[in-house]
$ cat upload.txt   # compact mmCIF, C-alpha atoms
# COMPACT_ATOMS: atom_id res chain seq x y z
CA MET A 1 45.08 -41.96 48.22
CA GLN A 2 47.31 -39.26 49.70
CA GLY A 3 46.97 -38.48 53.39
CA ASN A 4 46.00 -35.03 54.63
CA GLY A 5 49.61 -34.33 55.59
CA GLN A 6 50.84 -35.03 52.06
CA VAL A 7 48.10 -32.88 50.53
CA THR A 8 48.95 -30.04 52.91
CA ALA A 9 52.65 -30.32 52.00
CA HIS A 10 51.87 -30.28 48.27
CA ILE A 11 49.66 -27.20 48.64
CA ALA A 12 52.32 -25.45 50.73
CA ALA A 13 54.99 -26.18 48.10
CA PHE A 14 52.68 -25.00 45.32
CA GLU A 15 51.84 -21.78 47.16
CA ALA A 16 55.57 -21.19 47.68
CA LEU A 17 55.92 -21.35 43.89
CA LEU A 18 53.59 -18.34 43.67
CA THR A 19 55.98 -16.13 45.65
CA PRO A 20 58.56 -13.99 43.83
CA ALA A 21 61.34 -16.46 44.71
CA GLY A 22 59.20 -19.38 43.58
CA GLN A 23 58.45 -17.62 40.32
CA ARG A 24 62.16 -17.07 39.71
CA LEU A 25 62.71 -20.79 40.21
CA LEU A 26 59.92 -21.70 37.80
CA GLU A 27 61.05 -19.22 35.14
CA ALA A 28 64.56 -20.65 35.29
CA LEU A 29 63.34 -24.04 34.11
CA ASP A 30 63.25 -25.13 30.48
CA PRO A 31 60.31 -27.54 29.95
CA ALA A 32 62.26 -29.44 27.28
CA GLU A 33 65.23 -29.93 29.64
CA VAL A 34 62.92 -30.99 32.46
CA GLU A 35 61.21 -33.51 30.19
CA ALA A 36 64.53 -34.91 28.98
CA ASP A 37 66.46 -35.04 32.28
CA PRO A 38 64.26 -34.38 35.32
CA LEU A 39 66.65 -36.07 37.74
CA GLY A 40 69.62 -34.02 36.56
CA VAL A 41 67.66 -30.75 36.81
CA ALA A 42 66.38 -31.65 40.28
CA THR A 43 69.88 -32.51 41.51
CA ARG A 44 71.26 -29.21 40.20
CA LEU A 45 68.53 -27.16 41.88
CA ARG A 46 68.93 -28.89 45.22
CA ARG A 47 72.66 -28.28 45.19
CA ALA A 48 72.38 -24.65 44.07
CA PRO A 49 68.91 -23.30 44.93
CA VAL A 50 67.59 -20.19 43.22
CA GLU A 51 68.03 -17.16 45.46
CA GLY A 52 65.37 -16.97 48.15
CA THR A 53 63.87 -20.43 47.64
CA ASP A 54 65.76 -21.87 50.60
CA VAL A 55 63.97 -19.59 53.09
CA LEU A 56 60.36 -20.00 51.97
CA GLY A 57 59.45 -22.21 54.90
CA VAL A 58 58.86 -25.39 52.85
CA ASP A 59 61.02 -28.44 52.23
CA LEU A 60 63.37 -27.64 49.33
CA SER A 61 62.82 -31.08 47.76
CA GLU A 62 59.06 -30.51 47.80
CA LEU A 63 59.49 -27.08 46.23
CA VAL A 64 61.81 -28.35 43.51
CA GLY A 65 59.44 -31.23 42.80
CA ALA A 66 56.52 -28.80 42.48
CA ALA A 67 58.50 -26.59 40.11
CA LEU A 68 59.58 -29.52 37.93
CA THR A 69 55.99 -30.76 37.74
CA GLN A 70 54.69 -27.36 36.66
CA ALA A 71 57.45 -26.89 34.08
CA ARG A 72 56.81 -30.32 32.59
CA LEU A 73 53.04 -29.82 32.49
CA ARG A 74 53.38 -26.36 30.95
CA GLY A 75 55.39 -27.89 28.13
CA ARG A 76 52.71 -30.49 27.52
CA ALA A 77 49.91 -27.93 27.80
CA ARG A 78 50.99 -25.82 24.82
CA GLY A 79 48.91 -27.98 22.49
CA LYS A 80 45.76 -27.03 24.40
CA PHE A 81 46.51 -23.51 25.57
CA GLY A 82 49.26 -22.21 23.26
CA GLU A 83 51.57 -19.56 24.72
CA LEU A 84 49.09 -18.99 27.55
CA ALA A 85 50.30 -22.29 29.07
CA GLU A 86 53.50 -20.54 30.17
CA ARG A 87 51.45 -18.47 32.64
CA MET A 88 49.14 -21.22 33.86
CA TYR A 89 49.31 -23.94 36.51
CA PHE A 90 48.24 -27.55 36.18
CA THR A 91 47.78 -30.94 37.78
CA PRO A 92 48.40 -34.07 35.67
CA ASN A 93 44.75 -35.17 35.67
CA GLY A 94 43.57 -31.58 35.37
CA LEU A 95 45.60 -31.04 32.22
CA GLU A 96 44.46 -34.33 30.74
CA GLN A 97 40.78 -33.51 31.16
CA SER A 98 40.91 -29.74 30.70
CA THR A 99 39.09 -28.15 27.79
CA ARG A 100 41.19 -26.74 24.96
CA ARG A 101 41.16 -22.97 25.02
CA PRO A 102 39.35 -22.46 21.66
CA VAL A 103 36.58 -24.85 22.73
CA ALA A 104 36.21 -23.23 26.15
CA ALA A 105 36.05 -19.78 24.54
CA LEU A 106 33.40 -20.92 22.05
CA ARG A 107 31.29 -22.37 24.84
CA ALA A 108 31.71 -19.28 27.01
CA ARG A 109 30.41 -17.07 24.20
CA ARG A 110 27.26 -19.16 24.01
CA PHE A 111 26.77 -18.83 27.78
CA ALA A 112 27.39 -15.09 27.65
CA ALA A 113 24.83 -14.61 24.87
CA ALA A 114 22.07 -16.22 26.94
CA VAL A 115 22.91 -15.72 30.63
CA PRO A 116 22.50 -12.27 32.26
CA ARG A 117 25.73 -10.65 33.45
CA GLU A 118 24.45 -10.43 37.03
CA ALA A 119 23.79 -14.19 37.10
CA LEU A 120 26.11 -16.54 38.99
CA VAL A 121 27.43 -19.50 37.00
CA GLY A 122 28.55 -22.60 38.88
CA ASP A 123 31.43 -24.52 37.29
CA LEU A 124 30.84 -27.83 39.05
CA GLY A 125 33.95 -29.99 38.90
CA CYS A 126 36.03 -27.04 37.74
CA GLY A 127 39.40 -28.80 37.74
CA ILE A 128 42.24 -26.41 36.97
CA GLY A 129 39.71 -23.85 35.73
CA ALA A 130 40.01 -23.90 31.93
CA ASP A 131 36.28 -23.37 31.35
CA LEU A 132 35.93 -21.19 34.43
CA LEU A 133 38.53 -18.77 33.06
CA SER A 134 36.83 -18.50 29.68
CA LEU A 135 33.42 -17.94 31.29
CA ALA A 136 34.88 -15.14 33.43
CA GLU A 137 36.68 -13.61 30.44
CA ALA A 138 33.32 -13.54 28.65
CA GLY A 139 32.04 -11.25 31.41
CA LEU A 140 30.20 -13.74 33.62
CA ARG A 141 30.44 -14.22 37.38
CA VAL A 142 31.68 -17.72 38.08
CA GLU A 143 32.22 -19.92 41.13
CA GLY A 144 34.22 -23.10 40.60
CA VAL A 145 33.71 -26.11 42.85
CA ASP A 146 36.03 -29.11 43.07
CA ALA A 147 36.45 -31.87 45.64
CA ASP A 148 40.26 -31.84 45.58
CA PRO A 149 41.86 -29.05 47.67
CA PHE A 150 45.10 -29.03 45.66
CA THR A 151 43.16 -28.68 42.39
CA VAL A 152 41.24 -25.77 43.92
CA ALA A 153 44.53 -24.09 44.82
CA VAL A 154 45.70 -24.48 41.22
CA ALA A 155 42.41 -23.10 39.86
CA ASN A 156 42.62 -20.04 42.11
CA ALA A 157 46.23 -19.47 41.03
CA ASN A 158 45.08 -19.49 37.40
CA ILE A 159 42.32 -17.02 38.21
CA ALA A 160 44.84 -14.70 39.87
CA ALA A 161 47.36 -15.07 37.03
CA ARG A 162 44.72 -13.91 34.55
CA GLY A 163 43.54 -11.02 36.74
CA LEU A 164 40.00 -12.40 37.02
CA GLY A 165 39.65 -12.35 40.79
CA GLU A 166 36.77 -9.86 40.74
CA ARG A 167 34.56 -12.19 38.68
CA ALA A 168 35.73 -15.69 39.59
CA HIS A 169 36.90 -17.89 42.43
CA ALA A 170 37.10 -21.59 43.22
CA ARG A 171 36.27 -23.42 46.42
CA GLU A 172 36.53 -26.94 47.75
CA GLY A 173 33.24 -28.79 47.92
CA ASP A 174 31.09 -31.76 46.94
CA VAL A 175 29.22 -30.77 43.79
CA THR A 176 26.49 -33.32 44.48
CA ALA A 177 25.62 -31.36 47.63
CA THR A 178 24.85 -28.22 45.63
CA PRO A 179 21.56 -26.85 47.02
CA PRO A 180 18.74 -25.91 44.63
CA GLY A 181 18.98 -22.28 43.58
CA ALA A 182 22.66 -21.91 44.47
CA TYR A 183 23.45 -20.94 40.87
CA ASP A 184 21.56 -19.30 38.04
CA ALA A 185 23.37 -21.43 35.46
CA VAL A 186 25.65 -24.45 35.63
CA PHE A 187 28.54 -25.89 33.69
CA CYS A 188 29.52 -29.41 34.72
CA ASP A 189 32.52 -31.44 33.62
CA PRO A 190 32.41 -34.77 35.49
CA ALA A 191 35.75 -36.45 36.13
CA ARG A 192 36.40 -39.18 33.58
CA ARG A 193 39.68 -40.41 34.97
CA GLY A 194 40.19 -42.70 37.96
CA ARG A 195 43.13 -44.42 39.61
CA ARG A 196 43.42 -46.82 36.68
CA GLY A 197 43.16 -44.20 33.95
CA ARG A 198 40.36 -43.13 31.65
CA VAL A 199 36.78 -44.04 32.61
CA PHE A 200 34.42 -44.90 29.75
CA ASP A 201 31.23 -45.82 31.61
CA PRO A 202 29.21 -42.64 32.36
CA ASP A 203 27.83 -44.27 35.50
CA ALA A 204 31.42 -44.43 36.77
CA TYR A 205 32.05 -40.72 36.19
CA SER A 206 32.50 -38.54 39.25
CA PRO A 207 29.80 -37.39 39.85
CA ALA A 208 27.86 -40.27 38.28
CA TRP A 209 25.84 -39.52 35.15
CA SER A 210 22.48 -39.54 36.94
CA GLN A 211 23.79 -36.95 39.44
CA VAL A 212 25.17 -34.79 36.64
CA MET A 213 21.82 -34.85 34.86
CA ALA A 214 20.04 -33.82 38.06
CA LEU A 215 22.41 -30.86 38.48
CA ALA A 216 21.96 -29.76 34.84
CA GLN A 217 18.21 -30.09 34.86
CA GLY A 218 17.86 -28.25 38.16
CA VAL A 219 18.69 -24.81 36.72
CA SER A 220 17.33 -22.70 33.88
CA ASP A 221 20.56 -22.84 31.82
CA ALA A 222 23.20 -25.56 31.85
CA CYS A 223 25.87 -27.31 29.84
CA VAL A 224 27.50 -30.68 30.51
CA LYS A 225 30.79 -31.70 28.94
CA ALA A 226 30.97 -35.37 28.00
CA ALA A 227 33.30 -37.75 26.20
CA PRO A 228 32.76 -37.75 22.41
CA GLY A 229 31.76 -41.41 22.50
CA ILE A 230 28.72 -40.78 24.68
CA PRO A 231 25.81 -42.97 23.49
CA HIS A 232 22.95 -41.03 21.94
CA ASP A 233 20.46 -42.78 24.21
CA LEU A 234 22.05 -41.02 27.19
CA VAL A 235 21.13 -37.61 25.76
CA PRO A 236 17.90 -36.53 27.50
CA GLU A 237 14.87 -35.50 25.46
CA GLY A 238 14.82 -31.76 24.80
CA CYS A 239 18.57 -31.45 25.29
CA ALA A 240 20.78 -30.15 22.47
CA ALA A 241 23.84 -32.27 21.76
CA GLU A 242 26.97 -30.87 20.13
CA TRP A 243 30.06 -32.81 19.06
CA ILE A 244 33.22 -30.72 18.70
CA SER A 245 36.36 -31.42 16.71
CA VAL A 246 39.59 -29.43 16.77
CA GLY A 247 41.93 -29.69 13.80
CA GLY A 248 40.05 -32.72 12.51
CA GLU A 249 40.03 -34.66 15.80
CA VAL A 250 36.84 -35.15 17.80
CA LYS A 251 37.58 -33.88 21.30
CA GLU A 252 34.33 -33.78 23.23
CA ALA A 253 30.57 -33.57 23.30
CA ALA A 254 28.56 -30.82 24.97
CA LEU A 255 24.97 -31.21 26.13
CA TRP A 256 22.94 -28.01 26.40
CA PHE A 257 19.92 -27.63 28.67
CA GLY A 258 17.12 -25.13 29.33
CA GLY A 259 17.48 -21.76 27.67
CA LEU A 260 20.78 -22.83 26.08
CA SER A 261 19.13 -25.72 24.21
CA ASP A 262 17.42 -25.75 20.86
CA GLY A 263 16.77 -29.48 21.16
CA GLY A 264 18.84 -30.39 18.09
CA ARG A 265 22.09 -32.09 17.17
CA ARG A 266 25.08 -30.29 15.76
CA ALA A 267 28.70 -30.80 14.85
CA THR A 268 31.08 -27.89 15.37
CA LEU A 269 34.51 -27.84 13.75
CA LEU A 270 37.33 -25.60 14.95
CA ARG A 271 40.27 -25.12 12.61
CA GLU A 272 43.27 -22.85 13.00
CA GLY A 273 42.86 -19.63 11.06
CA ALA A 274 39.19 -20.24 10.22
CA GLU A 275 35.86 -19.34 11.76
CA PRO A 276 34.03 -22.15 13.58
CA ALA A 277 31.86 -24.20 11.23
CA THR A 278 28.65 -25.79 12.50
CA LEU A 279 26.46 -28.38 10.81
CA THR A 280 22.99 -28.86 12.31
CA ALA A 281 20.47 -31.66 12.02
CA ASP A 282 17.80 -31.22 9.34
CA PRO A 283 14.72 -33.24 10.36
CA THR A 284 13.26 -32.88 6.83
CA LEU A 285 16.07 -34.93 5.28
CA GLY A 286 15.45 -38.54 4.54
CA ALA A 287 18.12 -41.19 4.08
CA PRO A 288 20.79 -40.06 1.61
CA PRO A 289 20.88 -41.71 -1.82
CA VAL A 290 23.31 -44.54 -2.51
CA THR A 291 25.34 -44.77 -5.70
CA GLU A 292 28.46 -46.19 -7.33
CA PRO A 293 31.79 -44.46 -6.68
CA GLY A 294 32.04 -41.12 -8.46
CA ARG A 295 35.06 -39.01 -9.27
CA TYR A 296 35.39 -37.71 -5.71
CA LEU A 297 35.20 -39.35 -2.31
CA TYR A 298 34.37 -37.31 0.80
CA GLU A 299 35.29 -38.42 4.30
CA PRO A 300 33.10 -36.64 6.88
CA ASP A 301 34.75 -35.14 9.95
CA GLY A 302 34.54 -37.34 13.02
CA ALA A 303 32.25 -34.85 14.78
CA VAL A 304 29.81 -35.07 11.87
CA ILE A 305 29.79 -38.86 12.14
CA ARG A 306 29.42 -38.84 15.94
CA ALA A 307 26.50 -36.42 15.65
CA HIS A 308 24.79 -38.68 13.08
CA LEU A 309 24.86 -35.89 10.50
CA VAL A 310 26.30 -37.76 7.51
CA ALA A 311 23.06 -37.21 5.56
CA GLU A 312 23.37 -33.46 6.16
CA ALA A 313 27.02 -33.52 5.04
CA ALA A 314 26.05 -35.41 1.88
CA ALA A 315 23.20 -32.99 1.10
CA GLU A 316 25.53 -30.02 1.45
CA ILE A 317 27.61 -31.21 -1.51
CA ASP A 318 24.80 -32.97 -3.44
CA GLY A 319 26.51 -36.26 -2.70
CA ALA A 320 25.44 -39.85 -2.12
CA LEU A 321 26.73 -42.72 0.00
CA LEU A 322 28.74 -45.63 -1.33
CA ASP A 323 26.91 -47.87 1.12
CA PRO A 324 23.88 -46.98 3.29
CA HIS A 325 25.67 -48.11 6.45
CA ILE A 326 29.12 -46.57 5.90
CA ALA A 327 30.08 -42.88 6.26
CA TYR A 328 31.78 -42.34 2.90
CA ILE A 329 30.19 -39.83 0.53
CA THR A 330 30.76 -39.76 -3.23
CA SER A 331 30.06 -37.22 -5.95
CA ASP A 332 31.20 -36.27 -9.43
CA ARG A 333 31.28 -32.66 -8.27
CA LEU A 334 34.19 -31.13 -6.36
CA ALA A 335 32.91 -28.85 -3.63
CA ALA A 336 34.80 -27.07 -0.87
CA THR A 337 33.25 -28.00 2.47
CA PRO A 338 34.58 -27.75 6.03
CA PHE A 339 32.64 -30.85 7.06
CA SER A 340 34.35 -33.46 4.88
CA ARG A 341 37.82 -34.12 3.48
CA ALA A 342 37.86 -34.57 -0.30
CA TYR A 343 39.81 -37.14 -2.32
CA GLU A 344 39.96 -37.65 -6.08
CA VAL A 345 39.34 -41.30 -6.96
CA THR A 346 41.69 -42.71 -9.59
CA ASP A 347 40.84 -46.42 -9.34
CA VAL A 348 38.12 -48.60 -7.82
CA LEU A 349 39.34 -52.16 -7.24
CA PRO A 350 37.59 -55.19 -5.80
CA PHE A 351 39.89 -55.84 -2.86
CA SER A 352 42.71 -58.33 -3.11
CA LEU A 353 46.29 -57.98 -1.92
CA LYS A 354 47.71 -59.03 -5.29
CA ARG A 355 45.56 -56.60 -7.27
CA LEU A 356 46.25 -53.69 -4.93
CA ARG A 357 49.99 -54.33 -4.82
CA SER A 358 50.12 -54.48 -8.61
CA ALA A 359 48.21 -51.19 -8.97
CA LEU A 360 50.56 -49.40 -6.56
CA ARG A 361 53.63 -50.80 -8.26
CA GLU A 362 52.32 -49.73 -11.66
CA ARG A 363 51.87 -46.18 -10.33
CA ARG A 364 55.29 -46.21 -8.61
CA VAL A 365 53.71 -45.48 -5.24
CA GLY A 366 56.08 -45.69 -2.29
CA THR A 367 54.15 -43.68 0.29
CA VAL A 368 50.73 -45.08 1.16
CA THR A 369 48.13 -43.62 3.51
CA ILE A 370 45.57 -46.30 4.36
CA LYS A 371 42.08 -45.45 5.56
CA LYS A 372 39.31 -47.89 6.27
CA ARG A 373 35.67 -47.95 7.24
CA GLY A 374 33.52 -51.08 7.06
CA SER A 375 36.59 -53.22 6.41
CA ALA A 376 38.06 -56.01 8.54
CA VAL A 377 41.53 -55.72 7.00
CA ASP A 378 44.48 -55.40 9.43
CA VAL A 379 45.97 -52.10 8.23
CA GLU A 380 49.46 -52.61 9.64
CA LYS A 381 49.74 -56.11 8.19
CA LEU A 382 48.49 -54.83 4.84
CA ARG A 383 51.06 -52.04 4.89
CA ARG A 384 53.85 -54.59 5.40
CA ASP A 385 52.46 -56.94 2.74
CA LEU A 386 52.15 -54.20 0.11
CA ARG A 387 55.88 -53.41 0.25
CA PRO A 388 55.37 -50.08 -1.57
CA SER A 389 58.31 -48.60 -3.44
CA GLY A 390 58.66 -45.52 -5.58
CA PRO A 391 58.55 -41.71 -5.54
CA GLU A 392 54.77 -41.26 -5.70
CA SER A 393 52.15 -41.23 -2.95
CA ALA A 394 48.55 -42.39 -2.76
CA VAL A 395 45.64 -42.76 -0.36
CA VAL A 396 44.10 -46.23 -0.22
CA VAL A 397 40.55 -46.33 1.11
CA LEU A 398 39.32 -49.76 2.21
CA THR A 399 35.58 -50.09 2.46
CA ARG A 400 32.60 -52.25 1.69
CA ILE A 401 30.04 -51.62 -1.02
CA GLY A 402 27.11 -53.88 -0.39
CA GLU A 403 28.64 -57.19 0.64
CA ARG A 404 31.86 -56.82 -1.37
CA PRO A 405 35.16 -55.34 -0.12
CA PHE A 406 36.76 -52.67 -2.27
CA ALA A 407 39.94 -50.61 -2.36
CA LEU A 408 39.77 -47.09 -3.76
CA LEU A 409 43.00 -45.47 -4.90
CA CYS A 410 42.82 -41.75 -4.29
CA SER A 411 44.75 -38.51 -4.00
CA GLU A 412 43.81 -35.86 -1.46
CA VAL A 413 42.36 -32.66 -2.89
CA THR A 414 43.95 -29.50 -1.49
CA ALA A 415 42.83 -26.94 -4.09
CA PHE A 416 39.23 -26.20 -5.02
CA PRO A 417 37.68 -24.33 -7.94

$ encode --input "upload.txt" --output "structure tokens"
Amino acid sequence: MQGNGQVTAHIAAFEALLTPAGQRLLEALDPAEVEADPLGVATRLRRAPVEGTDVLGVDLSELVGAALTQARLRGRARGKFGELAERMYFTPNGLEQSTRRPVAALRARRFAAAVPREALVGDLGCGIGADLLSLAEAGLRVEGVDADPFTVAVANANIAARGLGERAHAREGDVTATPPGAYDAVFCDPARRGRRGRVFDPDAYSPAWSQVMALAQGVSDACVKAAPGIPHDLVPEGCAAEWISVGGEVKEAALWFGGLSDGGRRATLLREGAEPATLTADPTLGAPPVTEPGRYLYEPDGAVIRAHLVAEAAAEIDGALLDPHIAYITSDRLAATPFSRAYEVTDVLPFSLKRLRSALRERRVGTVTIKKRGSAVDVEKLRRDLRPSGPESAVVVLTRIGERPFALLCSEVTAFP
């Protein structure tokens, strides 16, 4: 753990970056160059400082280090924040755990639709302020709270950079000491990273899961961000649970409480250039039918699977499962759906290396994408053993139907009727 003197020095160097001279230093850095040769860039800047940076009252090495860190993190942050990353500030852990901008904006709209504008929203464990910024941009008053003073400085810098100072601010504090009634609504994102990296046990979050639940259930409206692998038995009764994927990857779960909850489960998919798509639980549905492989195979999005909504995804396309315990849907009908990826099935083979290799060779397949669910096959070893060769490509789906392993040769569908 860093001593108070080190923390103070880091904050002083960061605040110096916010001055005009510090901004000139930061703007002079190319994130790609910093990533490729940080030592060379640092040496150059220390030998020939940017005008004004040598009289800011902080150690030049500290200032250069702070600038290099921000430039490097901005480069890495583009995947989450796009071009906006170039005007934001980060900490390594803060960037790792921060909410992607489209997800934060989606969540903020839900808050804004239910929470009065005069209400005060507490962002408890605000980190660098990704959600705080979106809540403020949606017109809400927000106070961020974080235990780390440097992170608070970064969050306030982001608030200032976006011109949101009239509606938002961040302060240092212990979120577990939040008094009842301090906020009208709460958003809480417990820290899921420790000294040794990612934390998977909710009881080891900071704050611990029981404390987070107490904070969320102590106000009329609340949302808790959780890891996408959160067990369903940790979702309290009456709470709505939403799993969110971005570009086909499951990124997080959100638990909604009080007036923000409808008590159901949903999967929300965000895709570039498309409106958000949400699939909700249908309590009237029974178990989906099971049938032999049809002409098309559908692979549900990971958020759909995490939310236990495979039956709903199958019903949407009048499909059935290949196996009652495996999330592959089949149908003879081709239907465009945002909730599943479609493949056309060309061959269904009882699995054996010899049979699969022969089928690929016969079809002159040299590029193989291997997917599996319900199969114990080592994919990398299989890829080496297949030794594919040829100009064609194919998708090989390894699965189980009943007790028997199968390989389905497929091609991905990109055009729909």

$ closest_residue --input "upload.txt" --among "A:Thr337, A:Asn156, A:Ser393, A:Gln23" --to "Thr278 (chain A)" --atoms "only C-alpha atoms"
A:Thr337

$ closest_residue --input "upload.txt" --among "A:Val121, A:Ala335, A:Ile159, A:Val246" --to "Ala216 (chain A)" --atoms "only C-alpha atoms"
A:Val121

$ residues_around --input "upload.txt" --residues "Arg341 (chain A)" --least-positions-apart "2" --cutoff "9 Å" --atoms "all atoms listed in the file" --output "number ranges by chain"
A: 297-301, 336-339, 343, 412-413

$ residues_around --input "upload.txt" --residues "region 128-137 of chain A" --least-positions-apart "2" --cutoff "7 Å" --atoms "all atoms listed in the file" --output "list of chain:residue names"
A:Phe90, A:Gly94, A:Ser98, A:Thr99, A:Ala104, A:Ala105, A:Ala108, A:Asp123, A:Cys126, A:Gly139, A:Leu140, A:Arg141, A:Val142, A:Gly144, A:Thr151, A:Val154, A:Ala155, A:Ile159, A:Leu164, A:Arg167, A:Ala168

$ axis_aligned_box --input "upload.txt" --around "region 32-41 of chain A" --padding-each-side "3 Å" --output "AutoDock Vina command-line options"
--center_x 65.4 --center_y -32.8 --center_z 32.5 --size_x 14.4 --size_y 12.6 --size_z 16.5

$ atom_distance --input "upload.txt" --atom1 "CA of Arg171 (chain A)" --atom2 "CA of Ala157 (chain A)"
12.0 Å

$ residues_around --input "upload.txt" --residues "Ala208 (chain A)" --least-positions-apart "2" --cutoff "12 Å" --atoms "all atoms listed in the file" --output "ChimeraX atom specification"
/A:125,175-176,188-192,199-206,210-215,226

$ residues_around --input "upload.txt" --residues "region 263-266 of chain A" --least-positions-apart "5" --cutoff "9 Å" --atoms "only C-alpha atoms" --output "ChimeraX atom specification"
/A:237-244,256-257,278-282,303-304,307-309

$ atom_distance --input "upload.txt" --atom1 "CA of Leu255 (chain A)" --atom2 "CA of Gly273 (chain A)"
26.1 Å

$ closest_residue --input "upload.txt" --among "A:Leu234, A:Ala311, A:Ala160, A:Leu63" --to "His10 (chain A)" --atoms "all atoms listed in the file"
A:Leu63

$ residues_around --input "upload.txt" --residues "Glu27 (chain A)" --least-positions-apart "2" --cutoff "10 Å" --atoms "only C-alpha atoms" --output "PDB file with C-alpha atoms, keeping the file's coordinate frame"
ATOM      1  CA  ALA A  21      61.340 -16.460  44.710  1.00  0.00           C
ATOM      2  CA  GLY A  22      59.200 -19.380  43.580  1.00  0.00           C
ATOM      3  CA  GLN A  23      58.450 -17.620  40.320  1.00  0.00           C
ATOM      4  CA  ARG A  24      62.160 -17.070  39.710  1.00  0.00           C
ATOM      5  CA  LEU A  25      62.710 -20.790  40.210  1.00  0.00           C
ATOM      6  CA  LEU A  29      63.340 -24.040  34.110  1.00  0.00           C
ATOM      7  CA  ASP A  30      63.250 -25.130  30.480  1.00  0.00           C
ATOM      8  CA  PRO A  31      60.310 -27.540  29.950  1.00  0.00           C
ATOM      9  CA  ALA A  67      58.500 -26.590  40.110  1.00  0.00           C
ATOM     10  CA  ALA A  71      57.450 -26.890  34.080  1.00  0.00           C
ATOM     11  CA  GLU A  86      53.500 -20.540  30.170  1.00  0.00           C
ATOM     12  CA  ARG A  87      51.450 -18.470  32.640  1.00  0.00           C
TER      13      ARG A  87
END

$ closest_residue --input "upload.txt" --among "A:Leu73, A:Leu95, A:Ala170, A:Ala185" --to "Pro116 (chain A)" --atoms "only C-alpha atoms"
A:Ala185

$ atom_distance --input "upload.txt" --atom1 "CA of Lys372 (chain A)" --atom2 "CA of Leu360 (chain A)"
17.1 Å

$ closest_residue --input "upload.txt" --among "A:Leu322, A:Ala274, A:Ala376, A:Val64" --to "Pro293 (chain A)" --atoms "all atoms listed in the file"
A:Leu322

$ closest_residue --input "upload.txt" --among "A:Val34, A:Val58, A:Leu398, A:Leu39" --to "Ala12 (chain A)" --atoms "all atoms listed in the file"
A:Val58
